[in-house]
Amino acid sequence: MVRYFIELAYNGSRYHGWQIQPGASSVQEEINRALSTLLRQDIYVVGAGRTDTGVHASFFVAHFDIECELPEPQQVVYKLNGLLDKDIAIYKIYRVPMDKHARFSAISRTYKYYIDKTKDPFTYPFAWKAYPLPDIQAMNEACRVLFDYTDFTSFSKLHTNNCIIYEAQWEETDKQLIFTVKANRFLRNMVRAIVGTLIDVGRGKLTPEDVRKIIESKNRCNAGTSVPAQALFLCHIEYPE
């Protein structure tokens, strides 16, 4: 068998996340179907993670195994893009060692969440208009609390492995507030719940110390409401050199 990595991006608006689900459309299912049709054998792609319903990926990695080497991977990229809808784009396909895994070999993932400061007809499908705007300084103060913990059950629908957060900060541009968070892994719904909780801090409903108590409670009911999915992007996945 030969293993290939795929670098791609997708607009998650009409998909129920990356992972195949019964009776619901998914990005994984679409790529499986297109690759199987093109290569004339059953292909199953394994993704680097599982984005939620409506969440996008400006950069994503998956892998698949095939019985023989692809003679022209870039021709496969070209033909695969022709088979897929416009909301999924394949950028690159390249061979990797069989022990390299799209999910388990990844050492970090980075997400960004976009908030429009004013109504914008050009960003509204991919950003959230939050009113009133939260205080970015207060939210960044609360971000520092996240580095003290690895158990983020309070921000997840399901409890799985612990997470190590490497980066968490808000930045302000002329038109947007942008939250960037980088960790070795993420729990289901974790980023959107963290953003919702930080916004409560930015609006004076919570303090950074309250965020600490929420995390230590390990109770999802104590955290803020999850923010809308359409403004969340998986934007980077890091692998060892």
# chains A, B, ... in the order shown; residues from 1 in each chain; ligands from 1
$ select_by_dssp --residues "region 150-236 of chain A" --states "strand (DSSP E)" --output "ChimeraX atom specification"
/A:165-172,176-183,232-236
$ residues_around --residues "Asn161 (chain A)" --least-positions-apart "6" --cutoff "9 Å" --atoms "only C-alpha atoms" --output "count of residues only"
5
$ closest_residue --among "A:Ser226, A:Leu146, A:Val55, A:Leu38" --to "Ser26 (chain A)" --atoms "only C-alpha atoms"
A:Val55
$ residues_around --residues "region 124-134 of chain A" --least-positions-apart "3" --cutoff "9 Å" --atoms "only C-alpha atoms" --output "PyMOL selection string"
chain A and resi 13+56+113-121+137-139+176-177+198-204+227-233
$ closest_residue --among "A:Leu84, A:Val195, A:Ile20, A:Ala62" --to "Ile178 (chain A)" --atoms "only C-alpha atoms"
A:Val195
$ closest_residue --among "A:Val2, A:Ala57, A:Ala183, A:Ala102" --to "Leu234 (chain A)" --atoms "only C-alpha atoms"
A:Ala57
$ residues_around --residues "Phe152 (chain A)" --least-positions-apart "5" --cutoff "8 Å" --atoms "only C-alpha atoms" --output "PyMOL selection string"
chain A and resi 162-163+187+190+215+218
$ write_last_selection --atoms "N, CA, C and O atoms" --output "PDB file, in the first residue's frame"
ATOM      1  N   ASN A 162      -7.341  15.397  27.335  1.00  0.00           N
ATOM      2  CA  ASN A 162      -6.982  16.742  27.750  1.00  0.00           C
ATOM      3  C   ASN A 162      -6.317  17.488  26.603  1.00  0.00           C
ATOM      4  O   ASN A 162      -5.798  16.889  25.667  1.00  0.00           O
ATOM      5  N   CYS A 163      -6.340  18.809  26.671  1.00  0.00           N
ATOM      6  CA  CYS A 163      -5.793  19.656  25.619  1.00  0.00           C
ATOM      7  C   CYS A 163      -4.750  20.603  26.205  1.00  0.00           C
ATOM      8  O   CYS A 163      -4.920  21.103  27.316  1.00  0.00           O
ATOM      9  N   LEU A 187     -11.578  19.657  21.770  1.00  0.00           N
ATOM     10  CA  LEU A 187     -12.764  18.870  22.029  1.00  0.00           C
ATOM     11  C   LEU A 187     -13.916  19.375  21.163  1.00  0.00           C
ATOM     12  O   LEU A 187     -13.862  20.474  20.614  1.00  0.00           O
ATOM     13  N   MET A 190     -15.511  22.975  21.464  1.00  0.00           N
ATOM     14  CA  MET A 190     -14.677  23.664  22.448  1.00  0.00           C
ATOM     15  C   MET A 190     -14.398  25.120  22.096  1.00  0.00           C
ATOM     16  O   MET A 190     -14.545  26.018  22.937  1.00  0.00           O
ATOM     17  N   ILE A 215     -13.883  26.680  34.436  1.00  0.00           N
ATOM     18  CA  ILE A 215     -13.031  25.571  33.993  1.00  0.00           C
ATOM     19  C   ILE A 215     -12.920  24.512  35.081  1.00  0.00           C
ATOM     20  O   ILE A 215     -13.028  23.312  34.824  1.00  0.00           O
ATOM     21  N   LYS A 218     -15.812  21.900  35.647  1.00  0.00           N
ATOM     22  CA  LYS A 218     -15.964  20.797  34.689  1.00  0.00           C
ATOM     23  C   LYS A 218     -17.436  20.546  34.358  1.00  0.00           C
ATOM     24  O   LYS A 218     -17.887  19.413  34.238  1.00  0.00           O
TER      25      LYS A 218
END
$ select_by_dssp --residues "region 36-184 of chain A" --states "helix (DSSP H, G or I)" --output "PyMOL selection string"
chain A and resi 36-39+73-83+124-126+136-146+153-155
$ residues_around --residues "Ile6 (chain A)" --least-positions-apart "6" --cutoff "12 Å" --atoms "only C-alpha atoms" --output "count of residues only"
29
$ atom_distance --atom1 "CA of Glu141 (chain A)" --atom2 "CA of Lys157 (chain A)"
25.1 Å
$ residues_around --residues "Ile107 (chain A)" --least-positions-apart "5" --cutoff "8 Å" --atoms "only C-alpha atoms" --output "number ranges by chain"
A: 184, 237-240
$ residues_around --residues "Val181 (chain A)" --least-positions-apart "3" --cutoff "10 Å" --atoms "only C-alpha atoms" --output "list in words"
Arg109, Thr110, Tyr111, Lys112, Tyr113, Cys143, Ile165, Tyr166, Glu167, Ala168, Gln169, Trp170, Phe186, Val191, Ile194, Val195 and Leu234 of chain A
$ write_last_selection --atoms "C-alpha atoms" --output "PDB file, in the first residue's frame"
ATOM      1  CA  ARG A 109      -4.191  22.797  15.221  1.00  0.00           C
ATOM      2  CA  THR A 110      -5.033  26.500  14.945  1.00  0.00           C
ATOM      3  CA  TYR A 111      -8.500  28.032  14.725  1.00  0.00           C
ATOM      4  CA  LYS A 112      -9.618  31.612  14.104  1.00  0.00           C
ATOM      5  CA  TYR A 113     -12.967  33.193  14.931  1.00  0.00           C
ATOM      6  CA  CYS A 143      -7.307  34.241  27.743  1.00  0.00           C
ATOM      7  CA  ILE A 165      -3.324  25.371  24.658  1.00  0.00           C
ATOM      8  CA  TYR A 166      -0.247  27.035  23.129  1.00  0.00           C
ATOM      9  CA  GLU A 167      -1.803  30.306  21.985  1.00  0.00           C
ATOM     10  CA  ALA A 168      -5.029  32.193  22.748  1.00  0.00           C
ATOM     11  CA  GLN A 169      -5.459  35.868  21.961  1.00  0.00           C
ATOM     12  CA  TRP A 170      -7.712  38.488  20.435  1.00  0.00           C
ATOM     13  CA  PHE A 186      -9.606  20.349  20.557  1.00  0.00           C
ATOM     14  CA  VAL A 191     -13.605  26.755  20.485  1.00  0.00           C
ATOM     15  CA  ILE A 194     -14.571  29.380  24.746  1.00  0.00           C
ATOM     16  CA  VAL A 195     -15.356  32.320  22.455  1.00  0.00           C
ATOM     17  CA  LEU A 234      -9.621  25.772  11.063  1.00  0.00           C
TER      18      LEU A 234
END
